Amino acid sequence: MTPPDYEYLRKLLKDQSGLDLSADKQYLIESRLLPLARKCGLSGIPDIVQKMKGGSASLLTQVVEAMTTNETFFFRDKVPFEHFRDMIMPEIIKTRAARKSVRIWCAAGSTGQEPYSLAMCLKEMSASLAGWRTEIIATDLSQEVLEKSKAGIYSQFEVQRGLPIQMLVKYFKQTGEFWQINPELRGMVQHRQLNLLHDFSQLGTFDVIFCRNVLIYFDQDTKINIFNRLQRATEPDGFLVLGAAETVVGLTETFKPYPERRGLYRPNEQRAAKTSASMAPRLAAAAGM
Amino acid sequence: MKTCLVVDDSSVIRKIASRILEEMNFRIIEAEDGAQALEACKQQLPDAVLLDWNMPVMDGFDFLINLRRLPGGDQPKVVFCTTENGIDHISRALHAGANEYIMKPFDKDIVAAKFQEVGLIAQPV
């Protein structure tokens with residue numbers, strides 16, 4: 001891959017998906033895009049670049065999808081789901097006792113393992129949620145992974161990473177070598193295509209937002225911008241759950257870490273307006289305004 | 001150091017599984033079938049058993065039933081590791097007291113995930 005081709009792809013991925021590749025990630029592009037080139041009958045990355053410069057919208061979508069990391073598994077990292085089961089939901093059950101509804105957003109739902117893990121957690125506590133309206137919205141940039149999520153069909157390999165065997169027996173149906181999550185759980189999750197760089201205010205506000213292992217791919221200004229908008233999408237007494245390698249600390253005061261609960265944050269209302277205002281000129285400058 | 005009894009009639013599988021588990025700091029004891037494994041357990045109960053299903057002399061399911069009847073036999077965590085991948089087999093194993101179930105083929109990540117699930121190794125921080 002020539003340096004100009006790399007720079008072209010780097011800029012394009014940044015603009016389209018927020019993916020912030022450092023100068024030494026040629027290997028990543030090659031490992032993801034060479035299989036795509038073969039699939040499309042192209043000879044290599046220079047061909048992909050040439051075709052994209054010619055304005056191929058379908059190839060652009062495929063390139064962005066191929067470069068978006070989709071690694072995920074059921075109950076990934078375990079601890080966030082313990083927070084959800086042992087602390088977040090018991091508090092929500094108390095504070096929303098009158099309205100009896102909870103809205104949860106998986107902001108990088110990928111192929112469905114995270115939203116379905118949350119759906120399983122809710123099913124396991126169904127005795128406490130009798131008469132409740134539960135909504136799980138799973139969004140992702142990639143339509144292809146959302147389709148997989150909707151189908152809820154997983155390989156033997158996928159169901160063995162993180163999913164306790166009792167849950168597999170209880171919530172999945174075996175079809176040959178594959179396992180499909182049961183219709184009731186599939187019905188608990190709504191799917192929407194969404195680019196986190198774009199406005200997501202139309203989704204409304206949520207009691208719980210899982211936004212894990214996606215912000216690590218964004219640069220600092222993009223992260224701050226997303227945190228500000230996530231803050232507006234979180235109920236004042238709601239929760240934000242980030243990935244193990246992610247934090248708001250040192251970036252923004254729109255959320256504050258929850259004591260003794262790694263990866264768990266709550267909106268910091270007092271700071272929200274101030275931080276948003278102070279960031280506006282910086283974001284405008286970053287956007288070339 | 002925790003001990004893991006690796007029970008499989010295939011020496012290749014025993015070798016691969018042992019290598020993975022040694023990397024997780026287990027001391028390994030090997031057995032070729034359920035009867036050998038049961039004898040080993042009567043001498044000293046391991047912390048964990050990685051257990052094949054289909055084996056000569058005594059299969060994994062019968063071994064599990066016998067193990068759970070031994071004094072203290074409810075203590076070892078038993079993780080099946082087998083090509084019997086049907087839901088009927090999985091349900092039978094759980095009903096008989098298995099703690100987890102690996103469907104072959106397996107790799108290091110799957111063994112680690114299952115051993116974490118039953119508390120044999122710590123969650124990564």
# chains A, B, ... in the order shown; residues from 1 in each chain; ligands from 1
call {"tool": "interface_residues", "arguments": {"of": "chain A", "to": "chain B", "cutoff": "7 Å", "atoms": "only C-alpha atoms", "output": "PyMOL selection string"}}
result
chain A and resi 160-162+164-165+169+174
call {"tool": "closest_residue", "arguments": {"among": "B:Leu21, B:Leu5, B:Ala35, B:Ala93", "to": "Met55 (chain B)", "atoms": "only C-alpha atoms"}}
result
B:Ala35
call {"tool": "residues_around", "arguments": {"residues": "Cys4 (chain B)", "least_positions_apart": "3", "cutoff": "8 Å", "atoms": "only C-alpha atoms", "output": "ChimeraX atom specification"}}
result
/B:21,26-29,46-50
call {"tool": "closest_residue", "arguments": {"among": "B:Glu22, B:Leu45, B:Gly34, B:Gly72", "to": "Met58 (chain B)", "atoms": "only C-alpha atoms"}}
result
B:Gly34
call {"tool": "atom_distance", "arguments": {"atom1": "CA of Asn268 (chain A)", "atom2": "CA of Asp237 (chain A)"}}
result
9.3 Å
call {"tool": "select_by_dssp", "arguments": {"residues": "chain B", "states": "alpha helix (DSSP H)", "output": "JSON, numbers by chain"}}
result
{"B": [11, 12, 13, 14, 15, 16, 17, 18, 19, 20, 21, 22, 23, 34, 35, 36, 37, 38, 39, 40, 41, 42, 43, 60, 61, 62, 63, 64, 65, 66, 67, 68, 69, 87, 88, 89, 90, 91, 92, 93, 94, 95, 108, 109, 110, 111, 112, 113, 114, 115, 116, 117]}
call {"tool": "write_last_selection", "arguments": {"atoms": "C-alpha atoms", "output": "PDB file, in the first residue's frame"}}
result
ATOM      1  CA  SER B  11      -3.260 -38.640  24.262  1.00  0.00           C
ATOM      2  CA  VAL B  12      -3.180 -35.711  21.822  1.00  0.00           C
ATOM      3  CA  ILE B  13      -6.167 -34.023  23.476  1.00  0.00           C
ATOM      4  CA  ARG B  14      -4.680 -34.682  26.932  1.00  0.00           C
ATOM      5  CA  LYS B  15      -1.436 -33.078  25.818  1.00  0.00           C
ATOM      6  CA  ILE B  16      -3.113 -29.976  24.304  1.00  0.00           C
ATOM      7  CA  ALA B  17      -5.433 -29.508  27.277  1.00  0.00           C
ATOM      8  CA  SER B  18      -2.604 -30.023  29.767  1.00  0.00           C
ATOM      9  CA  ARG B  19      -0.456 -27.415  28.056  1.00  0.00           C
ATOM     10  CA  ILE B  20      -3.307 -24.876  28.146  1.00  0.00           C
ATOM     11  CA  LEU B  21      -4.038 -25.588  31.809  1.00  0.00           C
ATOM     12  CA  GLU B  22      -0.372 -25.517  32.841  1.00  0.00           C
ATOM     13  CA  GLU B  23      -0.201 -22.011  31.389  1.00  0.00           C
ATOM     14  CA  GLY B  34     -13.342 -42.797  33.748  1.00  0.00           C
ATOM     15  CA  ALA B  35     -12.144 -45.752  35.829  1.00  0.00           C
ATOM     16  CA  GLN B  36      -8.573 -44.447  36.030  1.00  0.00           C
ATOM     17  CA  ALA B  37      -9.928 -41.006  36.831  1.00  0.00           C
ATOM     18  CA  LEU B  38     -12.090 -42.372  39.637  1.00  0.00           C
ATOM     19  CA  GLU B  39      -9.101 -44.182  41.158  1.00  0.00           C
ATOM     20  CA  ALA B  40      -7.122 -40.934  41.033  1.00  0.00           C
ATOM     21  CA  CYS B  41      -9.977 -39.106  42.773  1.00  0.00           C
ATOM     22  CA  LYS B  42     -10.138 -41.753  45.516  1.00  0.00           C
ATOM     23  CA  GLN B  43      -6.445 -41.055  46.208  1.00  0.00           C
ATOM     24  CA  GLY B  60     -17.324 -39.485  31.472  1.00  0.00           C
ATOM     25  CA  PHE B  61     -20.965 -39.466  32.492  1.00  0.00           C
ATOM     26  CA  ASP B  62     -20.610 -42.575  34.706  1.00  0.00           C
ATOM     27  CA  PHE B  63     -17.406 -41.156  36.159  1.00  0.00           C
ATOM     28  CA  LEU B  64     -19.267 -37.960  37.105  1.00  0.00           C
ATOM     29  CA  ILE B  65     -22.057 -39.895  38.824  1.00  0.00           C
ATOM     30  CA  ASN B  66     -19.484 -41.904  40.796  1.00  0.00           C
ATOM     31  CA  LEU B  67     -17.358 -38.877  41.627  1.00  0.00           C
ATOM     32  CA  ARG B  68     -20.298 -36.989  43.107  1.00  0.00           C
ATOM     33  CA  ARG B  69     -20.981 -39.975  45.396  1.00  0.00           C
ATOM     34  CA  ILE B  87     -28.493 -30.138  23.959  1.00  0.00           C
ATOM     35  CA  ASP B  88     -29.704 -33.487  25.370  1.00  0.00           C
ATOM     36  CA  HIS B  89     -26.192 -34.434  26.412  1.00  0.00           C
ATOM     37  CA  ILE B  90     -25.553 -30.982  27.861  1.00  0.00           C
ATOM     38  CA  SER B  91     -28.753 -31.124  29.902  1.00  0.00           C
ATOM     39  CA  ARG B  92     -27.961 -34.628  31.176  1.00  0.00           C
ATOM     40  CA  ALA B  93     -24.473 -33.525  32.210  1.00  0.00           C
ATOM     41  CA  LEU B  94     -25.760 -30.483  34.095  1.00  0.00           C
ATOM     42  CA  HIS B  95     -28.427 -32.555  35.788  1.00  0.00           C
ATOM     43  CA  LYS B 108      -7.355 -21.661  24.994  1.00  0.00           C
ATOM     44  CA  ASP B 109      -9.879 -18.800  25.110  1.00  0.00           C
ATOM     45  CA  ILE B 110     -12.802 -21.168  25.560  1.00  0.00           C
ATOM     46  CA  VAL B 111     -11.073 -23.152  28.324  1.00  0.00           C
ATOM     47  CA  ALA B 112     -10.150 -19.890  30.079  1.00  0.00           C
ATOM     48  CA  ALA B 113     -13.701 -18.533  29.743  1.00  0.00           C
ATOM     49  CA  LYS B 114     -15.242 -21.700  31.178  1.00  0.00           C
ATOM     50  CA  PHE B 115     -12.744 -21.975  34.023  1.00  0.00           C
ATOM     51  CA  GLN B 116     -13.402 -18.325  34.889  1.00  0.00           C
ATOM     52  CA  GLU B 117     -17.122 -18.997  34.789  1.00  0.00           C
TER      53      GLU B 117
END
call {"tool": "residues_around", "arguments": {"residues": "Ile181 (chain A)", "least_positions_apart": "4", "cutoff": "9 Å", "atoms": "only C-alpha atoms", "output": "ChimeraX atom specification"}}
result
/A:116,151-154,168,171-174,185-186
call {"tool": "write_last_selection", "arguments": {"atoms": "C-alpha atoms", "output": "tab-separated table (two decimals), in the first residue's frame"}}
result
chain	number	residue	atom	x	y	z
A	116	TYR	CA	-28.92	-10.21	24.44
A	151	ALA	CA	-31.23	-13.18	13.51
A	152	GLY	CA	-29.64	-14.07	16.85
A	153	ILE	CA	-27.83	-17.07	15.38
A	154	TYR	CA	-24.40	-17.90	16.74
A	168	LEU	CA	-27.24	-21.60	26.67
A	171	TYR	CA	-32.33	-19.37	26.22
A	172	PHE	CA	-31.07	-20.93	22.98
A	173	LYS	CA	-32.35	-23.46	20.50
A	174	GLN	CA	-29.86	-25.71	18.75
A	185	LEU	CA	-35.37	-12.57	23.95
A	186	ARG	CA	-35.03	-11.53	20.31
call {"tool": "select_by_dssp", "arguments": {"residues": "region 71-118 of chain A", "states": "strand (DSSP E or B)", "output": "PDB file with C-alpha atoms, in the first residue's frame"}}
result
ATOM      1  CA  SER A 101     -40.431   1.176  32.689  1.00  0.00           C
ATOM      2  CA  VAL A 102     -36.744   1.053  31.859  1.00  0.00           C
ATOM      3  CA  ARG A 103     -34.978   2.103  28.660  1.00  0.00           C
ATOM      4  CA  ILE A 104     -31.550   0.676  27.884  1.00  0.00           C
ATOM      5  CA  TRP A 105     -29.298   1.574  24.967  1.00  0.00           C
ATOM      6  CA  CYS A 106     -26.441  -0.559  23.667  1.00  0.00           C
TER       7      CYS A 106
END
call {"tool": "atom_distance", "arguments": {"atom1": "CA of Leu70 (chain B)", "atom2": "CA of Thr83 (chain B)"}}
result
26.7 Å
call {"tool": "residues_around", "arguments": {"residues": "Arg229 (chain A)", "least_positions_apart": "2", "cutoff": "12 Å", "atoms": "only C-alpha atoms", "output": "short mmCIF file (atom, residue, chain, number, x, y, z; two decimals) with N, CA and C atoms, in the first residue's frame"}}
result
data_model
loop_
_atom_site.label_atom_id
_atom_site.label_comp_id
_atom_site.auth_asym_id
_atom_site.auth_seq_id
_atom_site.Cartn_x
_atom_site.Cartn_y
_atom_site.Cartn_z
N LEU A 196 -22.40 6.97 15.61
CA LEU A 196 -22.30 7.79 16.84
C LEU A 196 -21.80 9.22 16.56
N LEU A 197 -21.19 9.41 15.39
CA LEU A 197 -20.74 10.76 15.04
C LEU A 197 -21.92 11.66 14.70
N HIS A 198 -23.03 11.02 14.35
CA HIS A 198 -24.20 11.81 13.96
C HIS A 198 -25.14 12.02 15.15
N ASP A 199 -26.09 12.93 14.95
CA ASP A 199 -27.07 13.24 16.00
C ASP A 199 -27.85 11.97 16.40
N PHE A 200 -27.95 11.73 17.70
CA PHE A 200 -28.76 10.57 18.12
C PHE A 200 -29.87 11.00 19.08
N SER A 201 -30.18 12.31 19.06
CA SER A 201 -31.20 12.80 20.00
C SER A 201 -32.57 12.18 19.72
N GLN A 202 -32.78 11.71 18.47
CA GLN A 202 -34.08 11.12 18.12
C GLN A 202 -34.36 9.84 18.90
N LEU A 203 -33.31 9.25 19.49
CA LEU A 203 -33.53 8.02 20.26
C LEU A 203 -34.20 8.29 21.61
N GLY A 204 -34.16 9.56 22.03
CA GLY A 204 -34.74 9.90 23.33
C GLY A 204 -33.74 9.72 24.46
N THR A 205 -34.24 9.61 25.67
CA THR A 205 -33.33 9.47 26.81
C THR A 205 -33.43 8.06 27.40
N ILE A 209 -27.08 3.40 29.65
CA ILE A 209 -26.42 3.34 28.34
C ILE A 209 -25.15 2.49 28.47
N THR A 222 -13.40 13.97 19.48
CA THR A 222 -14.60 13.20 19.12
C THR A 222 -15.19 12.54 20.36
N LYS A 223 -14.31 12.00 21.21
CA LYS A 223 -14.80 11.38 22.46
C LYS A 223 -15.57 12.40 23.29
N ILE A 224 -14.98 13.60 23.44
CA ILE A 224 -15.61 14.63 24.28
C ILE A 224 -16.98 15.00 23.71
N ASN A 225 -17.01 15.15 22.39
CA ASN A 225 -18.27 15.48 21.73
C ASN A 225 -19.32 14.40 21.99
N ILE A 226 -18.91 13.15 21.89
CA ILE A 226 -19.87 12.05 22.10
C ILE A 226 -20.31 12.00 23.57
N PHE A 227 -19.35 12.17 24.49
CA PHE A 227 -19.73 12.17 25.91
C PHE A 227 -20.76 13.26 26.20
N GLN A 231 -24.43 12.46 27.55
CA GLN A 231 -24.95 13.01 28.80
C GLN A 231 -26.38 13.49 28.63
N ARG A 232 -26.65 14.10 27.44
CA ARG A 232 -28.01 14.59 27.19
C ARG A 232 -28.98 13.42 26.95
N ALA A 233 -28.42 12.27 26.55
CA ALA A 233 -29.29 11.10 26.29
C ALA A 233 -29.48 10.24 27.54
N THR A 234 -28.82 10.62 28.64
CA THR A 234 -28.93 9.84 29.88
C THR A 234 -29.87 10.54 30.85
N THR A 252 -13.66 14.92 30.30
CA THR A 252 -14.88 15.71 30.44
C THR A 252 -15.45 15.50 31.84
N THR A 254 -18.77 15.72 32.22
CA THR A 254 -20.20 15.49 31.99
C THR A 254 -20.68 14.24 32.74
N PHE A 255 -19.76 13.31 33.02
CA PHE A 255 -20.08 12.14 33.82
C PHE A 255 -19.07 12.03 34.96
N PRO A 267 -24.37 10.77 35.23
CA PRO A 267 -24.29 12.13 34.69
C PRO A 267 -23.97 13.12 35.81
N ALA A 272 -22.49 19.75 33.38
CA ALA A 272 -22.82 19.51 31.98
C ALA A 272 -22.85 20.78 31.15
N ALA A 273 -23.61 21.77 31.65
CA ALA A 273 -23.77 22.99 30.88
C ALA A 273 -22.42 23.68 30.68
N THR A 275 -19.37 22.43 30.79
CA THR A 275 -18.46 21.70 29.91
C THR A 275 -18.88 21.86 28.46
N SER A 276 -20.18 21.77 28.20
CA SER A 276 -20.67 21.90 26.83
C SER A 276 -20.28 23.26 26.27
N MET A 279 -16.57 23.60 25.57
CA MET A 279 -16.08 22.76 24.47
C MET A 279 -16.51 23.28 23.11
#
call {"tool": "residues_around", "arguments": {"residues": "region 127-143 of chain A", "least_positions_apart": "3", "cutoff": "6 Å", "atoms": "only C-alpha atoms", "output": "list in words"}}
result
Glu65, Lys100, Ser101, Val102, Arg103, Ile104, Trp105, Cys106, Ala107, Ala108, Gly109, Ser110, Leu146, Val189, Gln190, His191, Arg192, Gln193, Leu194 and Asn195 of chain A
call {"tool": "write_last_selection", "arguments": {"atoms": "C-alpha atoms", "output": "PDB file, in the first residue's frame"}}
result
ATOM      1  CA  GLU A  65     -17.824  -2.066   7.818  1.00  0.00           C
ATOM      2  CA  LYS A 100     -42.558   0.753  35.773  1.00  0.00           C
ATOM      3  CA  SER A 101     -40.431   1.176  32.689  1.00  0.00           C
ATOM      4  CA  VAL A 102     -36.744   1.053  31.859  1.00  0.00           C
ATOM      5  CA  ARG A 103     -34.978   2.103  28.660  1.00  0.00           C
ATOM      6  CA  ILE A 104     -31.550   0.676  27.884  1.00  0.00           C
ATOM      7  CA  TRP A 105     -29.298   1.574  24.967  1.00  0.00           C
ATOM      8  CA  CYS A 106     -26.441  -0.559  23.667  1.00  0.00           C
ATOM      9  CA  ALA A 107     -24.624   2.072  21.652  1.00  0.00           C
ATOM     10  CA  ALA A 108     -22.297  -0.377  19.910  1.00  0.00           C
ATOM     11  CA  GLY A 109     -24.517  -3.426  19.875  1.00  0.00           C
ATOM     12  CA  SER A 110     -22.468  -5.181  17.218  1.00  0.00           C
ATOM     13  CA  LEU A 146     -27.219  -5.588  12.884  1.00  0.00           C
ATOM     14  CA  VAL A 189     -34.183  -6.026  21.522  1.00  0.00           C
ATOM     15  CA  GLN A 190     -34.894  -3.347  18.912  1.00  0.00           C
ATOM     16  CA  HIS A 191     -32.245  -2.701  16.273  1.00  0.00           C
ATOM     17  CA  ARG A 192     -31.349   0.617  14.614  1.00  0.00           C
ATOM     18  CA  GLN A 193     -28.456   1.607  12.374  1.00  0.00           C
ATOM     19  CA  LEU A 194     -26.636   4.583  13.851  1.00  0.00           C
ATOM     20  CA  ASN A 195     -23.329   6.373  13.467  1.00  0.00           C
TER      21      ASN A 195
END
call {"tool": "closest_residue", "arguments": {"among": "B:Val79, B:Leu51, B:Ala31, B:Ile121", "to": "Met1 (chain B)", "atoms": "only C-alpha atoms"}}
result
B:Ile121
